[in-house]
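Heads up, model_31.pdb below (PDB, C-alpha atoms, pLDDT in the B column):
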```
ATOM      1  CA  MET A1305     128.998 100.985 104.373  1.00 82.00           C
ATOM      2  CA  ALA A1306     128.758 101.421 100.598  1.00 85.00           C
ATOM      3  CA  LEU A1307     125.872  98.960 100.352  1.00 89.00           C
ATOM      4  CA  PHE A1308     124.068 100.730 103.191  1.00 89.00           C
ATOM      5  CA  PHE A1309     124.503 104.037 101.318  1.00 90.00           C
ATOM      6  CA  VAL A1310     123.130 102.558  98.082  1.00 92.00           C
ATOM      7  CA  ASN A1311     120.225 100.820  99.809  1.00 92.00           C
ATOM      8  CA  SER A1312     119.384 103.998 101.731  1.00 95.00           C
ATOM      9  CA  LEU A1313     119.283 106.063  98.540  1.00 95.00           C
ATOM     10  CA  MET A1314     117.210 103.441  96.736  1.00 95.00           C
ATOM     11  CA  THR A1315     114.804 103.276  99.689  1.00 96.00           C
ATOM     12  CA  LEU A1316     114.515 107.066  99.642  1.00 96.00           C
ATOM     13  CA  SER A1317     113.791 106.925  95.914  1.00 96.00           C
ATOM     14  CA  ILE A1318     111.059 104.312  96.193  1.00 96.00           C
ATOM     15  CA  LEU A1319     109.483 106.220  99.078  1.00 96.00           C
ATOM     16  CA  GLY A1320     109.676 109.377  96.987  1.00 96.00           C
ATOM     17  CA  PHE A1321     108.051 107.709  93.977  1.00 95.00           C
ATOM     18  CA  TYR A1322     105.176 106.164  95.906  1.00 95.00           C
ATOM     19  CA  THR A1323     104.591 109.276  98.000  1.00 96.00           C
ATOM     20  CA  GLY A1324     104.614 111.359  94.817  1.00 94.00           C
ATOM     21  CA  TYR A1325     102.226 108.896  93.225  1.00 93.00           C
ATOM     22  CA  SER A1326      99.846 109.267  96.163  1.00 94.00           C
ATOM     23  CA  PHE A1327      99.680 113.037  95.520  1.00 93.00           C
ATOM     24  CA  ARG A1328      99.156 112.725  91.740  1.00 89.00           C
ATOM     25  CA  LYS A1329      95.546 113.941  91.891  1.00 90.00           C
ATOM     26  CA  SER A1330      95.343 115.931  95.108  1.00 92.00           C
ATOM     27  CA  ASP A1331      98.479 118.110  95.102  1.00 91.00           C
ATOM     28  CA  ARG A1332     100.523 118.429  91.932  1.00 90.00           C
ATOM     29  CA  LYS A1333     103.245 120.470  93.658  1.00 94.00           C
ATOM     30  CA  LYS A1334     103.893 117.711  96.224  1.00 95.00           C
ATOM     31  CA  HIS A1335     103.716 115.164  93.399  1.00 94.00           C
ATOM     32  CA  LYS A1336     106.563 116.962  91.624  1.00 94.00           C
ATOM     33  CA  ILE A1337     108.650 117.440  94.763  1.00 95.00           C
ATOM     34  CA  PHE A1338     108.470 113.830  95.934  1.00 96.00           C
ATOM     35  CA  ASN A1339     109.100 112.436  92.473  1.00 95.00           C
ATOM     36  CA  ALA A1340     112.075 114.784  92.058  1.00 96.00           C
ATOM     37  CA  ILE A1341     113.429 113.429  95.354  1.00 96.00           C
ATOM     38  CA  GLY A1342     112.939 109.910  93.992  1.00 96.00           C
ATOM     39  CA  ILE A1343     114.718 110.712  90.731  1.00 96.00           C
ATOM     40  CA  LEU A1344     117.634 112.525  92.361  1.00 96.00           C
ATOM     41  CA  SER A1345     118.239 109.856  94.988  1.00 97.00           C
ATOM     42  CA  ASN A1346     118.034 107.105  92.366  1.00 96.00           C
ATOM     43  CA  LEU A1347     120.447 108.907  90.049  1.00 95.00           C
ATOM     44  CA  THR A1348     122.855 109.504  92.928  1.00 96.00           C
ATOM     45  CA  ALA A1349     122.844 105.808  93.819  1.00 94.00           C
ATOM     46  CA  ALA A1350     123.164 104.738  90.173  1.00 92.00           C
ATOM     47  CA  ILE A1351     126.099 107.071  89.485  1.00 93.00           C
ATOM     48  CA  TYR A1352     127.777 105.987  92.720  1.00 93.00           C
ATOM     49  CA  LEU A1353     127.383 102.299  91.796  1.00 90.00           C
ATOM     50  CA  LEU A1354     128.672 102.843  88.267  1.00 89.00           C
ATOM     51  CA  CYS A1355     131.688 104.736  89.596  1.00 92.00           C
ATOM     52  CA  ILE A1356     132.670 102.093  92.119  1.00 92.00           C
ATOM     53  CA  LYS A1357     132.090  99.277  89.615  1.00 85.00           C
ATOM     54  CA  TYR A1358     133.937 100.720  86.624  1.00 89.00           C
ATOM     55  CA  MET A1359     136.282 103.417  87.954  1.00 87.00           C
ATOM     56  CA  LEU A1360     137.229 102.478  91.492  1.00 89.00           C
ATOM     57  CA  GLY A1361     138.129  98.795  91.285  1.00 83.00           C
ATOM     58  CA  GLY A1362     134.800  96.999  91.409  1.00 83.00           C
ATOM     59  CA  ILE A1363     132.059  96.492  93.923  1.00 84.00           C
ATOM     60  CA  SER A1364     133.989  93.882  95.922  1.00 83.00           C
ATOM     61  CA  GLU A1365     136.554  96.582  96.755  1.00 86.00           C
ATOM     62  CA  PHE A1366     133.707  98.313  98.588  1.00 89.00           C
ATOM     63  CA  GLN A1367     132.595  95.129 100.388  1.00 86.00           C
ATOM     64  CA  ILE A1368     129.547  94.571  98.180  1.00 86.00           C
ATOM     65  CA  TYR A1369     129.159  90.934  97.191  1.00 88.00           C
ATOM     66  CA  PRO A1370     126.531  89.245  94.997  1.00 88.00           C
ATOM     67  CA  THR A1371     124.510  86.421  96.535  1.00 89.00           C
ATOM     68  CA  ALA A1372     123.306  84.949  93.245  1.00 90.00           C
ATOM     69  CA  PRO A1373     124.904  83.566  90.082  1.00 92.00           C
ATOM     70  CA  GLU A1374     126.335  86.083  87.656  1.00 92.00           C
ATOM     71  CA  PHE A1375     123.580  85.648  85.063  1.00 94.00           C
ATOM     72  CA  VAL A1376     120.971  86.624  87.688  1.00 94.00           C
ATOM     73  CA  ILE A1377     122.985  89.744  88.495  1.00 92.00           C
ATOM     74  CA  HIS A1378     123.101  90.591  84.777  1.00 94.00           C
ATOM     75  CA  ILE A1379     119.327  90.161  84.505  1.00 95.00           C
ATOM     76  CA  HIS A1380     118.895  92.462  87.525  1.00 94.00           C
ATOM     77  CA  ARG A1381     121.167  95.081  85.938  1.00 92.00           C
ATOM     78  CA  PHE A1382     119.330  94.806  82.610  1.00 96.00           C
ATOM     79  CA  PHE A1383     115.973  95.562  84.212  1.00 96.00           C
ATOM     80  CA  ALA A1384     117.565  98.239  86.408  1.00 95.00           C
ATOM     81  CA  ALA A1385     118.805  99.957  83.240  1.00 94.00           C
ATOM     82  CA  ILE A1386     115.340  99.751  81.682  1.00 96.00           C
ATOM     83  CA  SER A1387     113.758 101.218  84.806  1.00 95.00           C
ATOM     84  CA  LEU A1388     116.377 103.990  84.834  1.00 94.00           C
ATOM     85  CA  VAL A1389     115.471 104.957  81.273  1.00 95.00           C
ATOM     86  CA  LEU A1390     111.753 104.778  82.085  1.00 95.00           C
ATOM     87  CA  MET A1391     112.330 106.946  85.154  1.00 95.00           C
ATOM     88  CA  LEU A1392     114.096 109.595  83.090  1.00 95.00           C
ATOM     89  CA  VAL A1393     111.384 109.499  80.404  1.00 96.00           C
ATOM     90  CA  MET A1394     108.701 109.796  83.076  1.00 94.00           C
ATOM     91  CA  GLY A1395     110.503 112.743  84.633  1.00 93.00           C
ATOM     92  CA  TYR A1396     110.803 114.412  81.240  1.00 94.00           C
ATOM     93  CA  THR A1397     107.182 113.781  80.235  1.00 94.00           C
ATOM     94  CA  GLY A1398     106.010 115.056  83.615  1.00 90.00           C
ATOM     95  CA  TRP A1399     108.168 118.164  83.298  1.00 92.00           C
ATOM     96  CA  LYS A1400     106.912 118.794  79.744  1.00 91.00           C
ATOM     97  CA  ARG A1401     103.345 118.021  80.849  1.00 89.00           C
ATOM     98  CA  ASN A1402     102.848 115.218  78.342  1.00 88.00           C
ATOM     99  CA  ARG A1403     100.245 113.746  80.646  1.00 88.00           C
ATOM    100  CA  ASN A1404      99.008 111.002  78.325  1.00 91.00           C
ATOM    101  CA  LEU A1405     102.400 109.287  77.962  1.00 92.00           C
ATOM    102  CA  HIS A1406     103.399 110.088  81.557  1.00 90.00           C
ATOM    103  CA  VAL A1407     100.341 108.325  82.966  1.00 89.00           C
ATOM    104  CA  LYS A1408     100.783 105.296  80.693  1.00 92.00           C
ATOM    105  CA  LEU A1409     104.437 104.879  81.654  1.00 92.00           C
ATOM    106  CA  HIS A1410     103.767 104.762  85.389  1.00 89.00           C
ATOM    107  CA  TYR A1411     101.880 101.478  84.887  1.00 92.00           C
ATOM    108  CA  ILE A1412     105.168  99.961  83.700  1.00 94.00           C
ATOM    109  CA  PHE A1413     107.688 101.945  85.732  1.00 94.00           C
ATOM    110  CA  LEU A1414     106.381 101.579  89.288  1.00 95.00           C
ATOM    111  CA  PRO A1415     106.005  97.766  89.272  1.00 95.00           C
ATOM    112  CA  LEU A1416     109.294  97.283  87.414  1.00 96.00           C
ATOM    113  CA  TYR A1417     111.204  99.635  89.705  1.00 96.00           C
ATOM    114  CA  THR A1418     109.697  97.977  92.779  1.00 96.00           C
ATOM    115  CA  ILE A1419     110.816  94.541  91.566  1.00 95.00           C
ATOM    116  CA  VAL A1420     114.321  95.835  90.800  1.00 95.00           C
ATOM    117  CA  TYR A1421     114.495  97.521  94.213  1.00 95.00           C
ATOM    118  CA  ILE A1422     113.397  94.424  96.137  1.00 95.00           C
ATOM    119  CA  SER A1423     115.608  92.078  94.124  1.00 94.00           C
ATOM    120  CA  GLY A1424     118.588  94.384  94.731  1.00 92.00           C
ATOM    121  CA  LEU A1425     118.047  94.067  98.470  1.00 92.00           C
ATOM    122  CA  PHE A1426     118.364  90.286  98.203  1.00 92.00           C
ATOM    123  CA  LEU A1427     120.994  89.986  95.458  1.00 92.00           C
ATOM    124  CA  PHE A1428     123.758  91.881  97.242  1.00 89.00           C
ATOM    125  CA  GLN A1429     125.233  91.735 100.721  1.00 90.00           C
ATOM    126  CA  SER A1430     128.037  93.519 102.488  1.00 86.00           C
ATOM    127  CA  LYS A1431     129.917  90.418 103.686  1.00 77.00           C
ATOM    128  CA  PRO A1432     131.386  87.647 101.521  1.00 66.00           C
ATOM    129  CA  LEU A1433     129.519  84.346 101.495  1.00 59.00           C
TER     130      LEU A1433
END
```

Once more with this new file: its structure as structure tokens, please.
Amino acid sequence: MALFFVNSLMTLSILGFYTGYSFRKSDRKKHKIFNAIGILSNLTAAIYLLCIKYMLGGISEFQIYPTAPEFVIHIHRFFAAISLVLMLVMGYTGWKRNRNLHVKLHYIFLPLYTIVYISGLFLFQSKPL
């Protein structure tokens, strides 16, 4: 159930980001709303994962099991952390209307976040191997 919750929040975030991106020129209010949904759902999933990993006994206690070697999981987490920082910087630059940097960062953030999202779907399962 925990993995379903995380995957649902991450799916909501990626849908929020791409829907927000589609409104970037036509409706700035919708752009902000959908990207805020993406940020909030991603942060909720990230905080939940960090809590179960480091405070509540580990992800295996919640029936989340990796399907790849540990170094691959570490690489996934490294790029997930980078995309988290980029997401927060993009949210801040959008909020402060630093359009130049905000637009440049989306060229890095959206592809990176998409790769992290898709790899996360394949790297973890809810039943042991």

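Residues captured in this structure file are A:Ser1312, A:Leu1313, A:Met1314, A:Thr1315, A:Leu1316, A:Ser1317, A:Ile1318, A:Gly1320, A:Phe1321, A:Tyr1322, A:Thr1323, A:Gly1324, A:Tyr1325, A:Ser1326, A:Phe1338, A:Asn1339, A:Ala1340, A:Ile1341, A:Gly1342, A:Ile1343, A:Ser1345, A:Asn1346, A:Leu1414, A:Tyr1417, A:Thr1418, A:Tyr1421, according to the PyMOL selection byres ((chain A and resi 1319) around 12).
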
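Every residue that the PyMOL selection byres ((chain A and resi 1307) around 10) selects in this file is listed here: A:Met1305, A:Ala1306, A:Phe1308, A:Phe1309, A:Val1310, A:Asn1311, A:Ser1312, A:Leu1313, A:Ala1349, A:Leu1353, A:Ile1363, A:Phe1366, A:Gln1367, A:Ile1368, A:Tyr1369, A:Leu1425, A:Phe1428, A:Gln1429, A:Ser1430.
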
Please produce an output containing C-alpha atoms for each residue in the selection, written as an mmCIF file, in the frame of the given file.
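part_29.cif, written as the output of this step:
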```cif
data_model
loop_
_atom_site.group_PDB
_atom_site.id
_atom_site.type_symbol
_atom_site.label_atom_id
_atom_site.label_comp_id
_atom_site.auth_asym_id
_atom_site.auth_seq_id
_atom_site.Cartn_x
_atom_site.Cartn_y
_atom_site.Cartn_z
ATOM 1 C CA MET A 1305 128.998 100.985 104.373
ATOM 2 C CA ALA A 1306 128.758 101.421 100.598
ATOM 3 C CA PHE A 1308 124.068 100.730 103.191
ATOM 4 C CA PHE A 1309 124.503 104.037 101.318
ATOM 5 C CA VAL A 1310 123.130 102.558 98.082
ATOM 6 C CA ASN A 1311 120.225 100.820 99.809
ATOM 7 C CA SER A 1312 119.384 103.998 101.731
ATOM 8 C CA LEU A 1313 119.283 106.063 98.540
ATOM 9 C CA ALA A 1349 122.844 105.808 93.819
ATOM 10 C CA LEU A 1353 127.383 102.299 91.796
ATOM 11 C CA ILE A 1363 132.059 96.492 93.923
ATOM 12 C CA PHE A 1366 133.707 98.313 98.588
ATOM 13 C CA GLN A 1367 132.595 95.129 100.388
ATOM 14 C CA ILE A 1368 129.547 94.571 98.180
ATOM 15 C CA TYR A 1369 129.159 90.934 97.191
ATOM 16 C CA LEU A 1425 118.047 94.067 98.470
ATOM 17 C CA PHE A 1428 123.758 91.881 97.242
ATOM 18 C CA GLN A 1429 125.233 91.735 100.721
ATOM 19 C CA SER A 1430 128.037 93.519 102.488
#
```

*With a distance cut-off of 10 Å and all atoms listed in the file, select the neighbouring residues of segment 1380-1382 of chain A, excluding the residue or stretch itself and same-chain residues fewer than 3 positions from it, and output the selection as a list in words.*
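Contacts, with the query itself left out: Glu1374, Phe1375, Val1376, Ile1377, Ala1385, Ile1386, Ser1387, Leu1388, Ile1419, Val1420, Tyr1421, Ser1423, Gly1424 and Leu1427 of chain A.
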
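Across the model, the gap from atom CA of Ile1337 of chain A to atom CA of Lys1400 of chain A is 15.2 Å.
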
*Select, from A:Lys1357, A:Lys1336, A:His1378, A:Lys1329, the residue with the minimum atom-to-atom distance to Trp1399 of chain A, counting only C-alpha atoms.*
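For Trp1399 of chain A, the nearest of the candidates is A:Lys1336.
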
*Find, counting all atoms listed in the file, the residue in A:Val1389, A:Ser1364, A:Thr1397, A:Val1407 that gets nearest to Ala1350 of chain A.*
A:Val1389

Missing atoms of segment 1348-1378 of chain A rebuilt to N, CA and C atoms, written as a JSON list (two decimals), in the coordinates of the input:
```json
[["chain", "number", "residue", "atom", "x", "y", "z"],
["A", 1348, "THR", "N", 121.67, 109.46, 92.07],
["A", 1348, "THR", "CA", 122.86, 109.50, 92.93],
["A", 1348, "THR", "C", 123.36, 108.10, 93.21],
["A", 1349, "ALA", "N", 122.46, 107.19, 93.55],
["A", 1349, "ALA", "CA", 122.84, 105.81, 93.82],
["A", 1349, "ALA", "C", 123.38, 105.13, 92.56],
["A", 1350, "ALA", "N", 122.73, 105.37, 91.42],
["A", 1350, "ALA", "CA", 123.16, 104.74, 90.17],
["A", 1350, "ALA", "C", 124.55, 105.23, 89.76],
["A", 1351, "ILE", "N", 124.79, 106.52, 89.85],
["A", 1351, "ILE", "CA", 126.10, 107.07, 89.48],
["A", 1351, "ILE", "C", 127.16, 106.56, 90.45],
["A", 1352, "TYR", "N", 126.84, 106.51, 91.72],
["A", 1352, "TYR", "CA", 127.78, 105.99, 92.72],
["A", 1352, "TYR", "C", 128.14, 104.53, 92.41],
["A", 1353, "LEU", "N", 127.13, 103.70, 92.13],
["A", 1353, "LEU", "CA", 127.38, 102.30, 91.80],
["A", 1353, "LEU", "C", 128.22, 102.15, 90.53],
["A", 1354, "LEU", "N", 127.90, 102.91, 89.51],
["A", 1354, "LEU", "CA", 128.67, 102.84, 88.27],
["A", 1354, "LEU", "C", 130.12, 103.27, 88.49],
["A", 1355, "CYS", "N", 130.32, 104.28, 89.30],
["A", 1355, "CYS", "CA", 131.69, 104.74, 89.60],
["A", 1355, "CYS", "C", 132.48, 103.68, 90.34],
["A", 1356, "ILE", "N", 131.90, 103.08, 91.38],
["A", 1356, "ILE", "CA", 132.67, 102.09, 92.12],
["A", 1356, "ILE", "C", 132.88, 100.81, 91.31],
["A", 1357, "LYS", "N", 131.94, 100.49, 90.42],
["A", 1357, "LYS", "CA", 132.09, 99.28, 89.62],
["A", 1357, "LYS", "C", 133.12, 99.46, 88.52],
["A", 1358, "TYR", "N", 133.10, 100.57, 87.82],
["A", 1358, "TYR", "CA", 133.94, 100.72, 86.62],
["A", 1358, "TYR", "C", 135.14, 101.64, 86.79],
["A", 1359, "MET", "N", 135.18, 102.48, 87.82],
["A", 1359, "MET", "CA", 136.28, 103.42, 87.95],
["A", 1359, "MET", "C", 137.12, 103.19, 89.22],
["A", 1360, "LEU", "N", 136.54, 102.57, 90.21],
["A", 1360, "LEU", "CA", 137.23, 102.48, 91.49],
["A", 1360, "LEU", "C", 137.55, 101.05, 91.91],
["A", 1361, "GLY", "N", 137.66, 100.14, 90.98],
["A", 1361, "GLY", "CA", 138.13, 98.80, 91.28],
["A", 1361, "GLY", "C", 137.09, 97.71, 91.44],
["A", 1362, "GLY", "N", 135.84, 98.02, 91.31],
["A", 1362, "GLY", "CA", 134.80, 97.00, 91.41],
["A", 1362, "GLY", "C", 134.07, 97.04, 92.74],
["A", 1363, "ILE", "N", 132.91, 96.42, 92.73],
["A", 1363, "ILE", "CA", 132.06, 96.49, 93.92],
["A", 1363, "ILE", "C", 132.63, 95.70, 95.09],
["A", 1364, "SER", "N", 133.42, 94.67, 94.82],
["A", 1364, "SER", "CA", 133.99, 93.88, 95.92],
["A", 1364, "SER", "C", 135.02, 94.70, 96.70],
["A", 1365, "GLU", "N", 135.63, 95.69, 96.06],
["A", 1365, "GLU", "CA", 136.55, 96.58, 96.76],
["A", 1365, "GLU", "C", 135.83, 97.42, 97.80],
["A", 1366, "PHE", "N", 134.53, 97.55, 97.66],
["A", 1366, "PHE", "CA", 133.71, 98.31, 98.59],
["A", 1366, "PHE", "C", 132.84, 97.40, 99.46],
["A", 1367, "GLN", "N", 133.27, 96.14, 99.57],
["A", 1367, "GLN", "CA", 132.60, 95.13, 100.39],
["A", 1367, "GLN", "C", 131.14, 94.91, 100.00],
["A", 1368, "ILE", "N", 130.87, 94.94, 98.69],
["A", 1368, "ILE", "CA", 129.55, 94.57, 98.18],
["A", 1368, "ILE", "C", 129.73, 93.28, 97.39],
["A", 1369, "TYR", "N", 128.99, 92.24, 97.80],
["A", 1369, "TYR", "CA", 129.16, 90.93, 97.19],
["A", 1369, "TYR", "C", 127.81, 90.41, 96.70],
["A", 1370, "PRO", "N", 127.78, 89.83, 95.50],
["A", 1370, "PRO", "CA", 126.53, 89.24, 95.00],
["A", 1370, "PRO", "C", 126.22, 87.94, 95.73],
["A", 1371, "THR", "N", 124.95, 87.66, 95.87],
["A", 1371, "THR", "CA", 124.51, 86.42, 96.54],
["A", 1371, "THR", "C", 123.88, 85.46, 95.54],
["A", 1372, "ALA", "N", 123.94, 85.77, 94.27],
["A", 1372, "ALA", "CA", 123.31, 84.95, 93.24],
["A", 1372, "ALA", "C", 124.31, 84.73, 92.11],
["A", 1373, "PRO", "N", 124.02, 83.78, 91.23],
["A", 1373, "PRO", "CA", 124.90, 83.57, 90.08],
["A", 1373, "PRO", "C", 125.00, 84.82, 89.21],
["A", 1374, "GLU", "N", 126.06, 84.88, 88.45],
["A", 1374, "GLU", "CA", 126.34, 86.08, 87.66],
["A", 1374, "GLU", "C", 125.23, 86.40, 86.65],
["A", 1375, "PHE", "N", 124.63, 85.37, 86.05],
["A", 1375, "PHE", "CA", 123.58, 85.65, 85.06],
["A", 1375, "PHE", "C", 122.37, 86.32, 85.71],
["A", 1376, "VAL", "N", 122.08, 85.99, 86.97],
["A", 1376, "VAL", "CA", 120.97, 86.62, 87.69],
["A", 1376, "VAL", "C", 121.29, 88.10, 87.94],
["A", 1377, "ILE", "N", 122.55, 88.36, 88.29],
["A", 1377, "ILE", "CA", 122.98, 89.74, 88.50],
["A", 1377, "ILE", "C", 122.87, 90.54, 87.20],
["A", 1378, "HIS", "N", 123.22, 89.91, 86.08],
["A", 1378, "HIS", "CA", 123.10, 90.59, 84.78],
["A", 1378, "HIS", "C", 121.64, 90.88, 84.43]]
```
